[in-house]
Amino acid sequence: MAAATLLAIPANARHAFAARENDAKPFSFDALIRRARERSHRAYIAAPRPMPAVVEQIDYEAHGEIKFRAEEAPFANGDGAYPVTFFHLGRYFGNAVQMHLVTNGMAREFEYRAELFDMPPDSPAQALPPDSGFAGFRFQEWNRSDDWRTQDWVAFLGASYFRAIGGLGQYGLSARGIAIDAAVPGRDEEFPAFTEFYIESADRPGAPVVVYALLDGPSVTGAFRFSMVRGLDRTKGVVMDVESRIFLRTDVERLGLIPLTSMFWYGEYGGQQLNDWRPEVHDSDGLAIWTENEERIWRPLNNPPATTVSAFTGANPKGFGLLQRDRNFSNYQDGVRYDRRPSLWVEPLQPLGEGAVQLLEIPTDDEIHDNVGAFWVPAEPAKAGNGYALAYRLHWTNDEPYPADNIAQTVATRVGRGGEPGKPRPANAYRFAVEFDRPEVMTRIPYGIFPDVVVTSSAGRIVRTFAEPVPDGNIWRAVFDIEIEPDVVADMRLYLELDGQPLTETWLYQFQSRIMTPT
């Protein structure tokens with residue numbers, strides 16, 4: 001573990017922190033792994049929840065009025081790069097999390113005190129005792145930038161959730177340490193939590209900040225190391241290298257490793273468009289997968305009629321992620337700037353083995369709910385006593401970091417009534433128009449030549465297929481109709497081909513007619 005320098009703490013916070021100097025303890029990632037492994041052999045003990053009746057009164061509005069004082073932030077006034085600020089406990093974040101600062105292999109607890117926060121005199125939080133703990137923390141921008149007090153770039157808050165901003169300066173989707181039994185019939189999903197954090201400073205912008213976390217839950221324990229890079233060029237987003245060791249206390253039906261969580265209400269397709277004035281509302285618009293055999297897959301997201309889990313089986317994917325490809329503001333028309341939400345790409349740094357990328361989609365009628373998840377599920381059953389060692393890189397960027405330059409990407413999926421204009425429209429027929437773009441690829445198509453549309457479906461009947469160029473650009477559109485009975489689910493697969501060679505990535509989609517009905 002690289003040595004770190006503990007930066008000067010403001011004078012008004014230094015006395016309380018100095019009281020902990022004699023309590024400094026040796027710290028290493030290896031020791032944290034040992035603690036996680038040992039805990040997995042003992043019964044689960046829930047994290048402390050200080051004064052629940054008081055914390056319950058700190059609702060969304062009250063929590064928003066409690067602000068950590070920037071001048072109290074560790075690493076604000078010394079030779080480190082990124083100050084750390086802390087989140088207060090509240091109704092939705094009631095578990096006390098221990099925070100430690102690490103320097104030269106020694107960890108010292110940074111304790112909660114009410115005076116670390118600005119809060120109204122009548123705030124319920126005034127009743128909490130010292131050492132109540134924190135809900136989470138975040139790193140602010142470089143402490144020599146003008147906006148560091150108001151701008152942060154990564155946050156850990158709630159269970160094992162964390163997120164970072166992308167190159168366009170927005171938060172959006174989240175990642176988690178682990179997902180346990182998500183969407184398993186007859187079981188409640190379990191939400192293990194990070195219970196302790198150990199934070200090392202960075203001595204300059206562009207150098208990694210390192211955070212260690214202890215994970216605990218009824219079915220699982222774990223130890224994590226996050227090495228996170230945020231440079232002066234903010235357009236490059238954030239890159240995290242994550243190492244984790246996972247230990248199972250009990251059998252788990254669906255073990256979701258490297259889980260991502262996002263929101264998709266509706267896109268340019270689907271009946272939900274009739275429920276809101278905006279053209280599209282989503283943090284992510286598709287799941288991308290780069291397979292071991294070099295196939296590139298794009299699966300547009302759904303807001304399904306019922307909870308759905310789709311599995312994309314294959315060993316050792318080179319990467320996967322939930323992406324926000326549509327960057328056109330006119331397709332959202334919203335001041336919250338969905339067009340600026342980051343994409344999140346998972347790059348395994350060691351082989352994942354046999355298993356599947358699974359996509360979880362949950363019905364939603366509003367944008368306030370995260371209803372999409374993507375994670376890696378190992379093929380072998382997850383049994384008590386199992387251990388897992390993971391190493392992966394998370395790219396919080398505008399686009400996927402390793403796009404294929406020899407095939408075109410999907411840029412739109414459009415769905416409407418099937419049939420032909422001027423003729424009676426057949427019942428239960430739906431038209432799909434899938435658009436692909438990458439100028440250096442699509443301009444290779446000779447004038448007057450039309451690519452082949454290669455499309456299959458697990459149900460229904462595919463008819464009326466053709467390809468056409470979209471006017472005024474290099475975009476090509478693959479068009480087909482599917483005739484399918486109500487409530488039948490069809491898994492479709494499509495790509496454009498020229499002279500027997502793929503021109504585009506593989507478009508996958510799961511369709512049933514109820515998706516077209518507003519709820």
# chains A, B, ... in the order shown; residues from 1 in each chain; ligands from 1
$ closest_atom_pairs --of "region 379-427 of chain A" --to "region 343-352 of chain A" --cutoff "8 Å" --atoms "only C-alpha atoms" --output "CSV"
residue,atom,partner,partner_atom,distance
A:Leu390,CA,A:Gln350,CA,7.3
A:Ala391,CA,A:Leu349,CA,5.3
A:Tyr392,CA,A:Pro348,CA,4.3
A:Arg393,CA,A:Glu347,CA,5.0
A:Leu394,CA,A:Val346,CA,5.0
A:His395,CA,A:Trp345,CA,5.1
A:Trp396,CA,A:Leu344,CA,4.8
A:Thr397,CA,A:Ser343,CA,5.5
A:Asn398,CA,A:Ser343,CA,5.5
A:Asp399,CA,A:Ser343,CA,5.9
A:Glu400,CA,A:Trp345,CA,6.0
A:Pro401,CA,A:Trp345,CA,7.4
$ select_by_dssp --residues "region 352-512 of chain A" --states "alpha helix (DSSP H)" --output "PyMOL selection string"
chain A and resi 439-442
$ write_last_selection --atoms "N, CA and C atoms" --output "PDB file, in the first residue's frame"
ATOM      1  N   PRO A 439     -19.632   7.246 -39.597  1.00  0.00           N
ATOM      2  CA  PRO A 439     -19.364   7.670 -40.974  1.00  0.00           C
ATOM      3  C   PRO A 439     -18.274   6.869 -41.670  1.00  0.00           C
ATOM      4  N   GLU A 440     -17.178   6.551 -40.958  1.00  0.00           N
ATOM      5  CA  GLU A 440     -16.086   5.842 -41.619  1.00  0.00           C
ATOM      6  C   GLU A 440     -16.479   4.435 -42.037  1.00  0.00           C
ATOM      7  N   VAL A 441     -17.571   3.910 -41.471  1.00  0.00           N
ATOM      8  CA  VAL A 441     -18.069   2.587 -41.866  1.00  0.00           C
ATOM      9  C   VAL A 441     -19.142   2.723 -42.930  1.00  0.00           C
ATOM     10  N   MET A 442     -20.128   3.544 -42.671  1.00  0.00           N
ATOM     11  CA  MET A 442     -21.278   3.611 -43.569  1.00  0.00           C
ATOM     12  C   MET A 442     -20.946   4.239 -44.920  1.00  0.00           C
TER      13      MET A 442
END
$ residues_around --residues "Asp339 (chain A)" --least-positions-apart "3" --cutoff "9 Å" --atoms "only C-alpha atoms" --output "compact mmCIF listing (two decimals) with N, CA and C atoms, in the first residue's frame"
# COMPACT_ATOMS: atom_id res chain seq x y z
N HIS A 282 -34.49 9.35 -19.28
CA HIS A 282 -33.68 8.21 -18.83
C HIS A 282 -32.27 8.68 -18.48
N ASP A 283 -31.66 7.95 -17.52
CA ASP A 283 -30.24 8.13 -17.21
C ASP A 283 -29.36 7.30 -18.13
N GLN A 324 -25.35 6.03 -21.87
CA GLN A 324 -26.25 7.08 -22.32
C GLN A 324 -25.70 7.57 -23.64
N ARG A 325 -26.18 6.97 -24.75
CA ARG A 325 -25.65 7.33 -26.06
C ARG A 325 -26.26 8.61 -26.62
N ASP A 326 -27.51 8.85 -26.34
CA ASP A 326 -28.20 10.00 -26.93
C ASP A 326 -27.77 11.26 -26.20
N ARG A 327 -27.01 12.12 -26.88
CA ARG A 327 -26.49 13.35 -26.29
C ARG A 327 -27.16 14.60 -26.85
N ASN A 328 -28.30 14.44 -27.50
CA ASN A 328 -28.99 15.56 -28.13
C ASN A 328 -30.01 16.14 -27.16
N PHE A 329 -29.79 17.37 -26.71
CA PHE A 329 -30.70 17.99 -25.74
C PHE A 329 -32.13 18.04 -26.26
N SER A 330 -32.31 18.24 -27.55
CA SER A 330 -33.66 18.35 -28.08
C SER A 330 -34.46 17.07 -27.91
N ASN A 331 -33.79 15.95 -27.64
CA ASN A 331 -34.51 14.70 -27.42
C ASN A 331 -34.95 14.53 -25.97
N TYR A 332 -34.60 15.49 -25.10
CA TYR A 332 -35.01 15.45 -23.70
C TYR A 332 -35.80 16.70 -23.29
N ASP A 334 -35.19 19.00 -21.10
CA ASP A 334 -35.34 19.06 -19.65
C ASP A 334 -34.12 19.74 -19.04
N VAL A 336 -32.85 19.33 -16.19
CA VAL A 336 -31.99 18.47 -15.39
C VAL A 336 -30.88 17.83 -16.23
N PRO A 342 -23.62 10.50 -17.27
CA PRO A 342 -22.48 9.68 -17.69
C PRO A 342 -22.89 8.29 -18.12
$ select_by_dssp --residues "region 192-402 of chain A" --states "strand (DSSP E)" --output "PyMOL selection string"
chain A and resi 193-200+209-216+220-229+238-248+255-262+264-266+281-282+286-290+296-300+308-313+319-323+343-348+355-361+372-378+387-397
$ atom_distance --atom1 "CA of Glu196 (chain A)" --atom2 "CA of Phe86 (chain A)"
13.3 Å
$ atom_distance --atom1 "CA of Thr456 (chain A)" --atom2 "CA of Leu496 (chain A)"
12.2 Å
$ residues_around --residues "region 24-35 of chain A" --least-positions-apart "4" --cutoff "12 Å" --atoms "only C-alpha atoms" --output "number ranges by chain"
A: 1-3, 17-20, 39-42, 100-110, 196-200, 210-216, 221-226, 243-247, 387-389
$ residues_around --residues "Pro205 (chain A)" --least-positions-apart "2" --cutoff "12 Å" --atoms "only C-alpha atoms" --output "list of chain:residue names"
A:Asp79, A:Gly80, A:Ala81, A:Tyr82, A:Pro83, A:Gln140, A:Glu141, A:Trp142, A:Asn143, A:Arg144, A:Ser145, A:Ser201, A:Ala202, A:Asp203, A:Ala207, A:Pro208, A:Val209, A:Met228, A:Val229, A:Arg230, A:Gly231, A:Leu232, A:Asp233, A:Arg234
$ residues_around --residues "Gly172 (chain A)" --least-positions-apart "6" --cutoff "9 Å" --atoms "only C-alpha atoms" --output "PDB file with C-alpha atoms, in the first residue's frame"
ATOM      1  CA  ARG A 163     -21.303   7.078  -8.157  1.00  0.00           C
ATOM      2  CA  ALA A 164     -19.090   9.528 -10.028  1.00  0.00           C
ATOM      3  CA  ILE A 165     -19.619  12.290 -12.539  1.00  0.00           C
ATOM      4  CA  GLY A 166     -18.773  11.938 -16.197  1.00  0.00           C
ATOM      5  CA  SER A 262     -29.832   3.193 -13.489  1.00  0.00           C
ATOM      6  CA  MET A 263     -33.184   4.678 -14.494  1.00  0.00           C
ATOM      7  CA  ASP A 283     -30.238   8.129 -17.208  1.00  0.00           C
ATOM      8  CA  SER A 284     -29.157   5.321 -19.547  1.00  0.00           C
ATOM      9  CA  TYR A 338     -30.370  13.974 -19.058  1.00  0.00           C
ATOM     10  CA  ARG A 340     -25.227  15.003 -19.904  1.00  0.00           C
ATOM     11  CA  ARG A 341     -25.586  11.893 -17.745  1.00  0.00           C
ATOM     12  CA  PRO A 342     -22.479   9.685 -17.687  1.00  0.00           C
ATOM     13  CA  SER A 343     -22.089   6.252 -19.185  1.00  0.00           C
TER      14      SER A 343
END
